[in-house]
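> PDB, C-alpha atoms and all ligand atoms, saved as structure_36.pdb, coming up:
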```pdb
MODEL        1
ATOM      1  CA  MET Y   1      25.918  65.799 -74.716
ATOM      2  CA  ASN Y   2      25.153  68.889 -76.823
ATOM      3  CA  LYS Y   3      23.899  71.884 -74.814
ATOM      4  CA  LEU Y   4      20.663  71.716 -76.825
ATOM      5  CA  ASP Y   5      19.995  68.052 -75.949
ATOM      6  CA  THR Y   6      17.470  67.007 -73.300
ATOM      7  CA  ASN Y   7      16.950  63.814 -71.311
ATOM      8  CA  TYR Y   8      13.626  63.009 -72.992
ATOM      9  CA  LYS Y   9      13.505  59.601 -74.658
ATOM     10  CA  ASN Y  10      13.104  60.068 -78.397
ATOM     11  CA  THR Y  11      10.011  58.152 -79.557
ATOM     12  CA  TRP Y  12      10.049  58.998 -83.284
ATOM     13  CA  CYS Y  13      10.186  55.959 -85.594
ATOM     14  CA  PRO Y  14      13.682  55.197 -86.941
ATOM     15  CA  PHE Y  15      14.282  57.185 -90.186
ATOM     16  CA  CYS Y  16      11.375  59.588 -89.543
ATOM     17  CA  GLY Y  17      11.864  62.905 -91.350
ATOM     18  CA  ASN Y  18      11.583  64.743 -88.038
ATOM     19  CA  PHE Y  19      15.161  63.739 -87.170
ATOM     20  CA  GLY Y  20      16.466  65.790 -90.116
ATOM     21  CA  ILE Y  21      14.477  68.813 -88.953
ATOM     22  CA  LEU Y  22      15.838  68.479 -85.414
ATOM     23  CA  VAL Y  23      19.451  68.278 -86.584
ATOM     24  CA  ALA Y  24      19.081  71.166 -89.055
ATOM     25  CA  PHE Y  25      17.414  73.369 -86.440
ATOM     26  CA  LYS Y  26      20.156  72.720 -83.864
ATOM     27  CA  ARG Y  27      22.799  73.664 -86.405
ATOM     28  CA  ALA Y  28      20.887  76.733 -87.586
ATOM     29  CA  ILE Y  29      20.748  78.277 -84.108
ATOM     30  CA  GLU Y  30      24.343  77.499 -83.103
ATOM     31  CA  ASN Y  31      25.327  81.172 -83.096
ATOM     32  CA  GLU Y  32      22.074  82.572 -81.729
ATOM     33  CA  ASP Y  33      21.535  83.861 -78.197
ATOM     34  CA  LEU Y  34      19.663  80.824 -76.877
ATOM     35  CA  ASN Y  35      18.049  82.838 -74.081
ATOM     36  CA  LYS Y  36      16.233  84.871 -76.707
ATOM     37  CA  ILE Y  37      14.650  81.911 -78.519
ATOM     38  CA  VAL Y  38      11.218  80.549 -77.617
ATOM     39  CA  LEU Y  39       9.580  77.602 -79.358
ATOM     40  CA  THR Y  40       5.953  76.621 -79.635
ATOM     41  CA  SER Y  41       4.436  73.427 -80.961
ATOM     42  CA  GLY Y  42       1.056  71.981 -81.789
ATOM     43  CA  ILE Y  43       0.141  68.355 -81.106
ATOM     44  CA  GLY Y  44       1.464  65.475 -83.154
ATOM     45  CA  CYS Y  45       4.729  63.701 -83.941
ATOM     46  CA  HIS Y  46       6.185  67.052 -85.106
ATOM     47  CA  ALA Y  47       5.370  68.625 -81.743
ATOM     48  CA  LYS Y  48       7.717  66.344 -79.830
ATOM     49  CA  ILE Y  49      10.602  68.366 -81.265
ATOM     50  CA  VAL Y  50      10.246  70.867 -78.409
ATOM     51  CA  ASP Y  51      10.841  68.025 -75.920
ATOM     52  CA  TYR Y  52      14.134  67.296 -77.630
ATOM     53  CA  LEU Y  53      15.470  70.864 -77.543
ATOM     54  CA  ASN Y  54      16.804  72.423 -74.368
ATOM     55  CA  LEU Y  55      15.157  75.790 -74.992
ATOM     56  CA  SER Y  56      12.184  77.691 -73.586
ATOM     57  CA  SER Y  57       9.074  76.301 -75.192
ATOM     58  CA  PHE Y  58       5.303  76.095 -75.017
ATOM     59  CA  TYR Y  59       3.563  72.851 -75.963
ATOM     60  CA  SER Y  60       0.175  74.126 -77.094
ATOM     61  CA  LEU Y  61      -3.096  72.509 -78.183
ATOM     62  CA  HIS Y  62      -3.676  70.893 -81.565
ATOM     63  CA  GLY Y  63      -3.737  73.682 -84.165
ATOM     64  CA  ARG Y  64      -2.674  76.372 -81.710
ATOM     65  CA  SER Y  65       1.079  76.563 -82.138
ATOM     66  CA  ILE Y  66       0.825  79.757 -84.169
ATOM     67  CA  PRO Y  67      -1.454  81.864 -81.928
ATOM     68  CA  ALA Y  68       0.708  80.878 -78.941
ATOM     69  CA  ALA Y  69       3.782  82.091 -80.835
ATOM     70  CA  GLU Y  70       2.025  85.324 -81.776
ATOM     71  CA  GLY Y  71       1.126  86.017 -78.159
ATOM     72  CA  ILE Y  72       4.686  85.393 -76.976
ATOM     73  CA  LYS Y  73       6.105  87.705 -79.626
ATOM     74  CA  LEU Y  74       3.605  90.411 -78.830
ATOM     75  CA  ALA Y  75       4.376  90.205 -75.103
ATOM     76  CA  ASN Y  76       8.135  90.383 -75.673
ATOM     77  CA  PRO Y  77       9.213  91.613 -79.106
ATOM     78  CA  GLU Y  78      12.882  91.018 -78.169
ATOM     79  CA  LEU Y  79      12.395  87.273 -78.531
ATOM     80  CA  LYS Y  80      12.855  85.128 -81.632
ATOM     81  CA  VAL Y  81       9.801  82.905 -81.684
ATOM     82  CA  VAL Y  82       9.658  79.724 -83.742
ATOM     83  CA  ALA Y  83       6.380  77.844 -84.163
ATOM     84  CA  PHE Y  84       6.685  74.165 -85.090
ATOM     85  CA  THR Y  85       3.508  72.812 -86.606
ATOM     86  CA  GLY Y  86       2.235  69.857 -88.627
ATOM     87  CA  ASP Y  87       0.074  69.836 -91.745
ATOM     88  CA  GLY Y  88      -2.851  68.447 -89.737
ATOM     89  CA  ASP Y  89      -2.079  71.020 -87.075
ATOM     90  CA  SER Y  90      -2.104  74.124 -89.220
ATOM     91  CA  LEU Y  91      -3.701  73.157 -92.549
ATOM     92  CA  ASN Y  92      -6.701  71.448 -90.939
ATOM     93  CA  GLU Y  93      -7.164  72.120 -87.235
ATOM     94  CA  GLY Y  94      -5.685  75.643 -87.023
ATOM     95  CA  ILE Y  95      -5.713  76.835 -90.632
ATOM     96  CA  SER Y  96      -7.285  80.207 -89.848
ATOM     97  CA  HIS Y  97      -4.472  81.017 -87.408
ATOM     98  CA  LEU Y  98      -1.919  80.361 -90.128
ATOM     99  CA  ILE Y  99      -3.702  82.633 -92.578
ATOM    100  CA  HIS Y 100      -4.155  85.486 -90.121
ATOM    101  CA  ALA Y 101      -0.604  85.348 -88.748
ATOM    102  CA  ALA Y 102       0.665  85.673 -92.331
ATOM    103  CA  LYS Y 103      -1.788  88.473 -93.075
ATOM    104  CA  ARG Y 104      -0.712  90.350 -89.925
ATOM    105  CA  ASN Y 105       2.954  89.864 -90.724
ATOM    106  CA  THR Y 106       3.615  88.834 -87.134
ATOM    107  CA  ASP Y 107       7.364  88.512 -86.708
ATOM    108  CA  ILE Y 108       7.556  84.743 -86.069
ATOM    109  CA  THR Y 109       9.031  81.803 -87.966
ATOM    110  CA  VAL Y 110       6.721  78.913 -88.775
ATOM    111  CA  ILE Y 111       8.296  75.518 -89.504
ATOM    112  CA  LEU Y 112       5.598  73.397 -91.111
ATOM    113  CA  HIS Y 113       6.457  69.684 -90.892
ATOM    114  CA  ASN Y 114       4.555  68.528 -93.938
ATOM    115  CA  ASN Y 115       4.359  64.726 -93.830
ATOM    116  CA  ARG Y 116       0.991  64.981 -95.542
ATOM    117  CA  LEU Y 117      -1.126  63.156 -92.983
ATOM    118  CA  PHE Y 118      -2.094  63.021 -89.323
ATOM    119  CA  ALA Y 119       0.789  60.782 -88.246
ATOM    120  CA  LEU Y 120       0.556  60.525 -84.468
ATOM    121  CA  THR Y 121      -2.994  59.212 -84.768
ATOM    122  CA  THR Y 122      -1.742  56.615 -87.289
ATOM    123  CA  GLY Y 123      -2.332  58.024 -90.742
ATOM    124  CA  GLN Y 124      -5.582  59.846 -91.400
ATOM    125  CA  PHE Y 125      -5.735  62.195 -94.411
ATOM    126  CA  THR Y 126      -5.164  65.937 -94.080
ATOM    127  CA  ALA Y 127      -5.616  68.895 -96.417
ATOM    128  CA  ALA Y 128      -2.107  68.150 -97.716
ATOM    129  CA  SER Y 129      -2.645  64.439 -98.484
ATOM    130  CA  GLU Y 130      -2.432  63.292-102.072
ATOM    131  CA  ASP Y 131      -5.591  62.910-104.097
ATOM    132  CA  ASN Y 132      -7.503  59.751-103.227
ATOM    133  CA  PHE Y 133      -5.304  59.079-100.199
ATOM    134  CA  LYS Y 134      -6.036  55.709 -98.630
ATOM    135  CA  GLY Y 135      -5.529  55.698 -94.882
ATOM    136  CA  ARG Y 136      -7.108  54.550 -91.630
ATOM    137  CA  SER Y 137     -10.101  56.886 -91.921
ATOM    138  CA  THR Y 138     -10.425  56.623 -95.699
ATOM    139  CA  PRO Y 139      -9.760  53.010 -96.719
ATOM    140  CA  MET Y 140     -11.477  53.564-100.086
ATOM    141  CA  GLY Y 141      -9.563  56.787-100.735
ATOM    142  CA  ALA Y 142     -10.378  60.410 -99.896
ATOM    143  CA  PRO Y 143     -11.879  61.933-103.052
ATOM    144  CA  GLU Y 144     -10.200  65.314-102.523
ATOM    145  CA  SER Y 145      -7.193  67.113-103.965
ATOM    146  CA  PRO Y 146      -4.466  68.558-101.733
ATOM    147  CA  ILE Y 147      -4.057  72.279-101.189
ATOM    148  CA  ASN Y 148      -0.711  73.925-101.810
ATOM    149  CA  PRO Y 149       0.185  75.559 -98.470
ATOM    150  CA  LEU Y 150       2.668  77.972-100.001
ATOM    151  CA  GLU Y 151       0.163  79.229-102.550
ATOM    152  CA  LEU Y 152      -2.161  79.845 -99.625
ATOM    153  CA  MET Y 153       0.617  81.739 -97.852
ATOM    154  CA  LEU Y 154       1.300  83.931-100.883
ATOM    155  CA  ALA Y 155      -2.390  84.762-101.121
ATOM    156  CA  SER Y 156      -2.378  85.578 -97.393
ATOM    157  CA  ASN Y 157       0.438  88.132 -97.830
ATOM    158  CA  ALA Y 158       3.201  86.215 -96.045
ATOM    159  CA  THR Y 159       6.468  88.131 -96.435
ATOM    160  CA  PHE Y 160       8.878  85.148 -96.491
ATOM    161  CA  ILE Y 161       7.936  81.859 -98.141
ATOM    162  CA  ALA Y 162      10.243  78.872 -98.555
ATOM    163  CA  ARG Y 163      10.282  75.123 -98.988
ATOM    164  CA  SER Y 164      12.946  72.706 -97.825
ATOM    165  CA  TYR Y 165      13.307  68.954 -97.309
ATOM    166  CA  SER Y 166      14.097  67.032 -94.129
ATOM    167  CA  GLY Y 167      16.507  64.854 -96.119
ATOM    168  CA  ASN Y 168      18.599  67.850 -97.217
ATOM    169  CA  ILE Y 169      19.894  68.981 -93.852
ATOM    170  CA  LYS Y 170      22.337  71.584 -95.160
ATOM    171  CA  HIS Y 171      19.650  73.259 -97.254
ATOM    172  CA  LEU Y 172      17.206  73.164 -94.369
ATOM    173  CA  GLU Y 173      19.759  74.616 -91.944
ATOM    174  CA  GLU Y 174      20.479  77.533 -94.304
ATOM    175  CA  THR Y 175      16.785  78.116 -94.954
ATOM    176  CA  ILE Y 176      16.004  78.188 -91.223
ATOM    177  CA  LYS Y 177      18.745  80.789 -90.705
ATOM    178  CA  LYS Y 178      17.292  82.959 -93.473
ATOM    179  CA  ALA Y 179      13.766  82.621 -92.099
ATOM    180  CA  MET Y 180      14.818  83.508 -88.552
ATOM    181  CA  ASP Y 181      16.732  86.550 -89.834
ATOM    182  CA  HIS Y 182      13.667  87.777 -91.717
ATOM    183  CA  LYS Y 183      11.836  90.646 -90.045
ATOM    184  CA  GLY Y 184       8.192  89.669 -90.338
ATOM    185  CA  PHE Y 185       6.243  86.462 -90.869
ATOM    186  CA  SER Y 186       8.344  83.648 -92.314
ATOM    187  CA  ILE Y 187       7.225  80.164 -93.202
ATOM    188  CA  ILE Y 188       9.230  77.135 -94.301
ATOM    189  CA  GLU Y 189       7.281  74.184 -95.560
ATOM    190  CA  VAL Y 190       9.520  71.215 -94.789
ATOM    191  CA  ILE Y 191       8.445  68.214 -96.801
ATOM    192  CA  GLU Y 192       9.255  65.065 -94.876
ATOM    193  CA  PRO Y 193       8.430  61.383 -95.206
ATOM    194  CA  CYS Y 194       6.432  59.654 -92.506
ATOM    195  CA  VAL Y 195       8.180  56.309 -92.913
ATOM    196  CA  SER Y 196       5.382  54.461 -91.129
ATOM    197  CA  PHE Y 197       2.327  55.795 -92.979
ATOM    198  CA  PHE Y 198       3.455  57.698 -96.089
ATOM    199  CA  ASN Y 199       6.968  56.760 -97.031
ATOM    200  CA  VAL Y 200       7.993  58.890 -99.975
ATOM    201  CA  THR Y 201      11.689  59.016 -99.084
ATOM    202  CA  ASP Y 202      12.872  57.669-102.461
ATOM    203  CA  PHE Y 203      10.574  59.964-104.405
ATOM    204  CA  TYR Y 204      11.734  63.054-102.488
ATOM    205  CA  ASN Y 205      15.404  62.041-102.743
ATOM    206  CA  LYS Y 206      15.074  61.663-106.511
ATOM    207  CA  ASN Y 207      12.886  64.629-107.332
ATOM    208  CA  THR Y 208      13.843  67.545-105.081
ATOM    209  CA  TYR Y 209      16.202  70.193-106.451
ATOM    210  CA  THR Y 210      17.364  73.603-105.191
ATOM    211  CA  ILE Y 211      16.461  76.766-107.081
ATOM    212  CA  GLU Y 212      18.433  79.948-107.757
ATOM    213  CA  GLU Y 213      17.005  82.500-105.356
ATOM    214  CA  ASN Y 214      16.536  85.451-107.719
ATOM    215  CA  ASN Y 215      13.874  88.169-107.984
ATOM    216  CA  LEU Y 216      12.418  87.252-104.630
ATOM    217  CA  THR Y 217      10.053  90.232-104.558
ATOM    218  CA  GLU Y 218       8.282  89.183-107.788
ATOM    219  CA  ARG Y 219       4.893  87.699-106.894
ATOM    220  CA  GLU Y 220       4.184  86.141-110.285
ATOM    221  CA  GLU Y 221       7.574  84.442-110.416
ATOM    222  CA  ALA Y 222       7.102  83.169-106.880
ATOM    223  CA  LEU Y 223       3.689  81.768-107.777
ATOM    224  CA  LYS Y 224       5.133  79.979-110.792
ATOM    225  CA  LYS Y 225       7.809  78.287-108.671
ATOM    226  CA  ILE Y 226       5.366  77.500-105.880
ATOM    227  CA  ARG Y 227       2.987  75.840-108.379
ATOM    228  CA  GLU Y 228       5.680  73.867-110.176
ATOM    229  CA  TRP Y 229       5.010  70.786-108.043
ATOM    230  CA  ASN Y 230       1.338  69.863-107.773
ATOM    231  CA  TYR Y 231       1.630  67.451-104.804
ATOM    232  CA  GLU Y 232       0.187  64.674-106.924
ATOM    233  CA  GLY Y 233       3.040  62.225-106.569
ATOM    234  CA  GLU Y 234       4.896  63.215-109.713
ATOM    235  CA  GLY Y 235       7.044  66.042-111.050
ATOM    236  CA  LYS Y 236      10.116  67.851-109.790
ATOM    237  CA  ILE Y 237       9.996  69.565-106.418
ATOM    238  CA  PRO Y 238      11.757  72.931-106.119
ATOM    239  CA  LEU Y 239      13.368  73.821-102.782
ATOM    240  CA  GLY Y 240      14.455  77.292-101.704
ATOM    241  CA  VAL Y 241      13.170  80.730-100.813
ATOM    242  CA  PHE Y 242      10.408  81.611-103.300
ATOM    243  CA  TYR Y 243       9.334  84.991-102.007
ATOM    244  CA  LYS Y 244      10.657  87.646 -99.629
ATOM    245  CA  ILE Y 245       9.644  91.252 -99.216
ATOM    246  CA  ASP Y 246      10.280  93.923 -96.583
ATOM    247  CA  LYS Y 247       7.253  95.175 -94.714
ATOM    248  CA  ALA Y 248       6.876  96.499 -91.165
ATOM    249  CA  PRO Y 249       5.891  93.627 -88.875
ATOM    250  CA  TYR Y 250       2.777  93.677 -86.756
ATOM    251  CA  PHE Y 251       4.278  94.886 -83.498
ATOM    252  CA  GLU Y 252       6.100  97.787 -85.142
ATOM    253  CA  ARG Y 253       2.854  98.863 -86.764
ATOM    254  CA  VAL Y 254       1.125  98.766 -83.393
ATOM    255  CA  LEU Y 255       3.858 101.067 -82.090
ATOM    256  CA  ILE Y 256       3.664 103.374 -85.102
ATOM    257  CA  ALA Y 257      -0.087 103.666 -84.628
ATOM    258  CA  LYS Y 258       0.496 104.636 -81.018
ATOM    259  CA  LYS Y 259       3.395 106.993 -81.880
ATOM    260  CA  GLU Y 260       4.363 108.719 -78.657
ATOM    261  CA  GLU Y 261       4.081 105.741 -76.329
ATOM    262  CA  THR Y 262       6.804 103.473 -75.037
ATOM    263  CA  VAL Y 263       6.715  99.694 -75.522
ATOM    264  CA  GLU Y 264       5.641  99.314 -71.859
ATOM    265  CA  GLU Y 265       2.748 101.726 -72.325
ATOM    266  CA  VAL Y 266       1.627  99.978 -75.482
ATOM    267  CA  LEU Y 267       1.730  96.607 -73.729
ATOM    268  CA  GLU Y 268      -0.232  97.992 -70.802
ATOM    269  CA  ASP Y 269      -2.928  99.118 -73.251
ATOM    270  CA  LEU Y 270      -2.980  95.767 -74.977
ATOM    271  CA  ILE Y 271      -3.309  93.601 -71.861
TER     272      ILE Y 271
HETATM  273  C1  LIG Z   1      -8.510  69.367 -80.946
HETATM  274  C2  LIG Z   1      -7.879  68.029 -81.186
HETATM  275  N1  LIG Z   1      -8.288  67.278 -82.213
HETATM  276  C3  LIG Z   1      -7.703  66.090 -82.459
HETATM  277  C4  LIG Z   1      -6.713  65.628 -81.635
HETATM  278  C5  LIG Z   1      -6.090  64.270 -81.897
HETATM  279  N2  LIG Z   1      -4.789  64.380 -82.511
HETATM  280  C6  LIG Z   1      -3.656  64.371 -81.775
HETATM  281  S1  LIG Z   1      -2.273  64.361 -82.692
HETATM  282  C7  LIG Z   1      -3.194  64.383 -84.124
HETATM  283  C8  LIG Z   1      -2.524  64.328 -85.455
HETATM  284  C9  LIG Z   1      -1.508  65.408 -85.679
HETATM  285  O1  LIG Z   1      -1.212  65.491 -87.041
HETATM  286  P1  LIG Z   1      -0.219  66.592 -87.592
HETATM  287  O2  LIG Z   1      -0.538  67.898 -87.010
HETATM  288  O3  LIG Z   1      -0.179  66.504 -89.063
HETATM  289  O4  LIG Z   1       1.157  66.157 -86.956
HETATM  290  P2  LIG Z   1       2.021  64.829 -87.187
HETATM  291  O5  LIG Z   1       1.583  63.852 -86.132
HETATM  292  O6  LIG Z   1       1.738  64.359 -88.566
HETATM  293  O7  LIG Z   1       3.414  65.301 -87.004
HETATM  294  C10 LIG Z   1      -4.554  64.396 -83.849
HETATM  295  C11 LIG Z   1      -5.623  64.399 -84.865
HETATM  296  C12 LIG Z   1      -6.300  66.453 -80.568
HETATM  297  N3  LIG Z   1      -5.285  66.109 -79.766
HETATM  298  N4  LIG Z   1      -6.888  67.649 -80.359
HETATM  299  S1  LIG Z   2       4.489  57.969 -87.258
HETATM  300 FE1  LIG Z   2       5.486  58.965 -88.996
HETATM  301  S2  LIG Z   2       5.798  61.121 -88.402
HETATM  302 FE2  LIG Z   2       5.362  59.924 -86.545
HETATM  303  S3  LIG Z   2       7.380  59.384 -85.720
HETATM  304 FE3  LIG Z   2       6.690  57.672 -87.009
HETATM  305  S4  LIG Z   2       7.562  58.105 -89.035
HETATM  306 FE4  LIG Z   2       7.643  60.004 -87.852
ENDMDL
END
```
If you convert what's in this file into structure tokens, what do you get?
Ligand SMILES: Cc1ncc(C[n+]2csc(CCOP(=O)(O)OP(=O)(O)O)c2C)c(N)n1
Ligand code: SF4


Amino acid sequence: MNKLDTNYKNTWCPFCGNFGILVAFKRAIENEDLNKIVLTSGIGCHAKIVDYLNLSSFYSLHGRSIPAAEGIKLANPELKVVAFTGDGDSLNEGISHLIHAAKRNTDITVILHNNRLFALTTGQFTAASEDNFKGRSTPMGAPESPINPLELMLASNATFIARSYSGNIKHLEETIKKAMDHKGFSIIEVIEPCVSFFNVTDFYNKNTYTIEENNLTEREEALKKIREWNYEGEGKIPLGVFYKIDKAPYFERVLIAKKEETVEEVLEDLI
């Protein structure tokens, strides 16, 4: 048994994209101090990942993975905090938390399991579902177009923006390492098939490709790459880090604003 394994019974469907995310995450943190990592999750199939990792974690409410992670980081800036979230979780239910965490540049890593529907509740459409998505709650199709979460993150001033794929474990592992090393808000959109309700495994296998990670501070270039795939079920899907800039994270700015005080004094003021 791996030291990161737990005794929880895994209840994901066979071939669910979440397995790839679990394996990549375990590999990515192999050389980290495991006592310094804290995980948070929302509610959904994605959220079960914290049950399957023998690490400190906080299973939050639907849409509240990110504010929980922000609070943990603020209380103890020494920790590396990773927020697992789903597209329903943070592009519908908790979308304002996602936007404001990016805007604040809170030093957390967000891993967005984007299976493009509410999976645990058996396949209702989310803000990331394809146009005219037919599911349990919309049998005649939802007459709406999907939003591009990474475009939203660029507009919200996120300082690290990447996309990876649950079926490309090596790429995902490397991207998670980069995101966790980033000082400031980092987000990885992980596209993943929900084999039970939106099985796009073949499409993703055929159409994903990795980009050269050049000129990462150029906003316009990042936007071009981020917009290359329109989430409409066709076109090539770029994977990689699209954007990365250095900027003081939220907690450091709180300290700078309070200049002379120690971390303890600042925390005392905040609580
Ligand atoms: C406030 C609230 N609204 C709705 C629900 C019901 N609910 C539980 S899981 C879920 C779907 C989660 O979808 P997503 O976040 O995309 O995660 P996935 O299951 O796809 O991994 C919903 C709607 C809930 N638990 N709490
Ligand atoms: S319903 Fe979809 S997302 Fe949930 S475990 Fe099954 S395949 Fe995975």

> Please find the residues contacting ligand LIG 2 (chain Z) at a distance of at most 7 Å between atoms, with all atoms listed in the file counted, and report them as a list in words.

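Final answer, ordered by chain and number: Thr11, Trp12, Cys13, Phe15, Cys16, Gly17, Asn18, Cys45, His46, Asn115, Ala119, Leu120, Thr122, Cys194, Val195, Ser196 and Phe197 of chain Y.
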
> Counting only C-alpha atoms, which residue out of Y:Asn205, Y:Asn31, Y:Asn2, Y:Ser186 sits closest to Ile111 (chain Y)?

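The answer is Y:Ser186, which sits nearest to Ile111 (chain Y).
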
> If I put a ball of radius 12 Å at (1.0, 70.4, -81.6) in the file's coordinates, which residues poke into it when counting only C-alpha atoms, written as JSON, numbers by chain?

{"Y": [39, 40, 41, 42, 43, 44, 45, 46, 47, 48, 49, 50, 51, 57, 58, 59, 60, 61, 62, 63, 64, 65, 66, 67, 68, 83, 84, 85, 86, 87, 88, 89, 90, 93, 94, 111, 112, 113, 118, 119, 120]}

> Using all atoms listed in the file for the distances, tell me which of Y:Ile187, Y:Leu152, Y:Ile37, Y:Leu216 is nearest to Pro77 (chain Y).

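Ranked by minimum distance to Pro77 (chain Y), first place goes to Y:Ile37.
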
> Would you list the contacts of region 174-181 of chain Y as an MDAnalysis selection string, taking every protein, DNA or RNA residue within 9 Å and counting all atoms listed in the file, but skipping same-chain residues closer than 6 positions in sequence?

chainID Y and resid 24:25 28:29 80:82 108:111 160:164 187:188 240:241

> Using the file's own x, y and z axes, what box holds all listed atoms of ligand LIG 1 (chain Z) with 8 Å on each side, keeping edges along x, y and z, and what are its centre and edge lengths in Å to one decimal, as AutoDock Vina command-line options?


```
--center_x -2.5 --center_y 66.6 --center_z -84.4 --size_x 27.9 --size_y 21.5 --size_z 25.3
```

> Of the candidates Y:Ile72, Y:Leu22, Y:Leu34, Y:Leu55, which one gets nearest to Thr6 (chain Y) if we count only C-alpha atoms?

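Of all the options, Y:Leu55 lies closest to Thr6 (chain Y).
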
> On this structure, which residues satisfy the PyMOL selection byres (((chain Y and resi 158) around 12) and not hetatm), written as a PDB file with C-alpha atoms, keeping the file's coordinate frame?


```
ATOM      1  CA  LEU Y  98      -1.919  80.361 -90.128  1.00  0.00           C
ATOM      2  CA  ILE Y  99      -3.702  82.633 -92.578  1.00  0.00           C
ATOM      3  CA  HIS Y 100      -4.155  85.486 -90.121  1.00  0.00           C
ATOM      4  CA  ALA Y 101      -0.604  85.348 -88.748  1.00  0.00           C
ATOM      5  CA  ALA Y 102       0.665  85.673 -92.331  1.00  0.00           C
ATOM      6  CA  LYS Y 103      -1.788  88.473 -93.075  1.00  0.00           C
ATOM      7  CA  ARG Y 104      -0.712  90.350 -89.925  1.00  0.00           C
ATOM      8  CA  ASN Y 105       2.954  89.864 -90.724  1.00  0.00           C
ATOM      9  CA  THR Y 106       3.615  88.834 -87.134  1.00  0.00           C
ATOM     10  CA  ASP Y 107       7.364  88.512 -86.708  1.00  0.00           C
ATOM     11  CA  ILE Y 108       7.556  84.743 -86.069  1.00  0.00           C
ATOM     12  CA  THR Y 109       9.031  81.803 -87.966  1.00  0.00           C
ATOM     13  CA  VAL Y 110       6.721  78.913 -88.775  1.00  0.00           C
ATOM     14  CA  PRO Y 149       0.185  75.559 -98.470  1.00  0.00           C
ATOM     15  CA  LEU Y 150       2.668  77.972-100.001  1.00  0.00           C
ATOM     16  CA  GLU Y 151       0.163  79.229-102.550  1.00  0.00           C
ATOM     17  CA  LEU Y 152      -2.161  79.845 -99.625  1.00  0.00           C
ATOM     18  CA  MET Y 153       0.617  81.739 -97.852  1.00  0.00           C
ATOM     19  CA  LEU Y 154       1.300  83.931-100.883  1.00  0.00           C
ATOM     20  CA  ALA Y 155      -2.390  84.762-101.121  1.00  0.00           C
ATOM     21  CA  SER Y 156      -2.378  85.578 -97.393  1.00  0.00           C
ATOM     22  CA  ASN Y 157       0.438  88.132 -97.830  1.00  0.00           C
ATOM     23  CA  THR Y 159       6.468  88.131 -96.435  1.00  0.00           C
ATOM     24  CA  PHE Y 160       8.878  85.148 -96.491  1.00  0.00           C
ATOM     25  CA  ILE Y 161       7.936  81.859 -98.141  1.00  0.00           C
ATOM     26  CA  ALA Y 162      10.243  78.872 -98.555  1.00  0.00           C
ATOM     27  CA  ALA Y 179      13.766  82.621 -92.099  1.00  0.00           C
ATOM     28  CA  HIS Y 182      13.667  87.777 -91.717  1.00  0.00           C
ATOM     29  CA  LYS Y 183      11.836  90.646 -90.045  1.00  0.00           C
ATOM     30  CA  GLY Y 184       8.192  89.669 -90.338  1.00  0.00           C
ATOM     31  CA  PHE Y 185       6.243  86.462 -90.869  1.00  0.00           C
ATOM     32  CA  SER Y 186       8.344  83.648 -92.314  1.00  0.00           C
ATOM     33  CA  ILE Y 187       7.225  80.164 -93.202  1.00  0.00           C
ATOM     34  CA  ILE Y 188       9.230  77.135 -94.301  1.00  0.00           C
ATOM     35  CA  THR Y 217      10.053  90.232-104.558  1.00  0.00           C
ATOM     36  CA  ARG Y 219       4.893  87.699-106.894  1.00  0.00           C
ATOM     37  CA  ALA Y 222       7.102  83.169-106.880  1.00  0.00           C
ATOM     38  CA  PHE Y 242      10.408  81.611-103.300  1.00  0.00           C
ATOM     39  CA  TYR Y 243       9.334  84.991-102.007  1.00  0.00           C
ATOM     40  CA  LYS Y 244      10.657  87.646 -99.629  1.00  0.00           C
ATOM     41  CA  ILE Y 245       9.644  91.252 -99.216  1.00  0.00           C
ATOM     42  CA  ASP Y 246      10.280  93.923 -96.583  1.00  0.00           C
ATOM     43  CA  LYS Y 247       7.253  95.175 -94.714  1.00  0.00           C
ATOM     44  CA  ALA Y 248       6.876  96.499 -91.165  1.00  0.00           C
ATOM     45  CA  PRO Y 249       5.891  93.627 -88.875  1.00  0.00           C
ATOM     46  CA  TYR Y 250       2.777  93.677 -86.756  1.00  0.00           C
TER      47      TYR Y 250
END
```

> Of the residues Y:Lys236, Y:Leu91, Y:Tyr231, Y:Gly167, which is the one nearest to Phe133 (chain Y), using all atoms listed in the file?

Y:Tyr231

> Give me, please, the distance in Å between CA of Tyr204 (chain Y) and atom O7 of ligand LIG 1 (chain Z), quoted to one decimal.

17.7 Å

> CA of Asp5 (chain Y) and CA of Lys26 (chain Y), how far apart in Å?

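CA of Asp5 (chain Y) lies 9.2 Å from CA of Lys26 (chain Y).
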
> Select, counting only C-alpha atoms, all protein, DNA and RNA residues no farther than 12 Å from (10.5, 89.7, -74.0) in file coordinates, and express the selection as number ranges by chain.

Y: 35-38, 71-81, 263-264, 267

> For Thr208 (chain Y), work out the shell of residues within 8 Å, counting all atoms listed in the file and skipping chain neighbours fewer than 6 positions away, then give it as number ranges by chain.

Y: 165, 236-239

> Mind pulling up the distance from CA of Lys225 (chain Y) to CA of Ile21 (chain Y)?

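According to the coordinates, CA of Ile21 (chain Y) and CA of Lys225 (chain Y) are separated by 22.9 Å.
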
> Name all residues at most 10 Å from Ser145 (chain Y) (count all atoms listed in the file; drop same-chain ones fewer than 4 positions away) and give them as a ChimeraX atom specification.

/Y:127-133,230-232

> When you count all atoms listed in the file, which of these residues is closest to ligand LIG 1 (chain Z): Y:Glu192, Y:Ile147, Y:Gly135, Y:Ala69?

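Ranking Y:Glu192, Y:Ile147, Y:Gly135, Y:Ala69 by distance to ligand LIG 1 (chain Z), first place goes to Y:Glu192.
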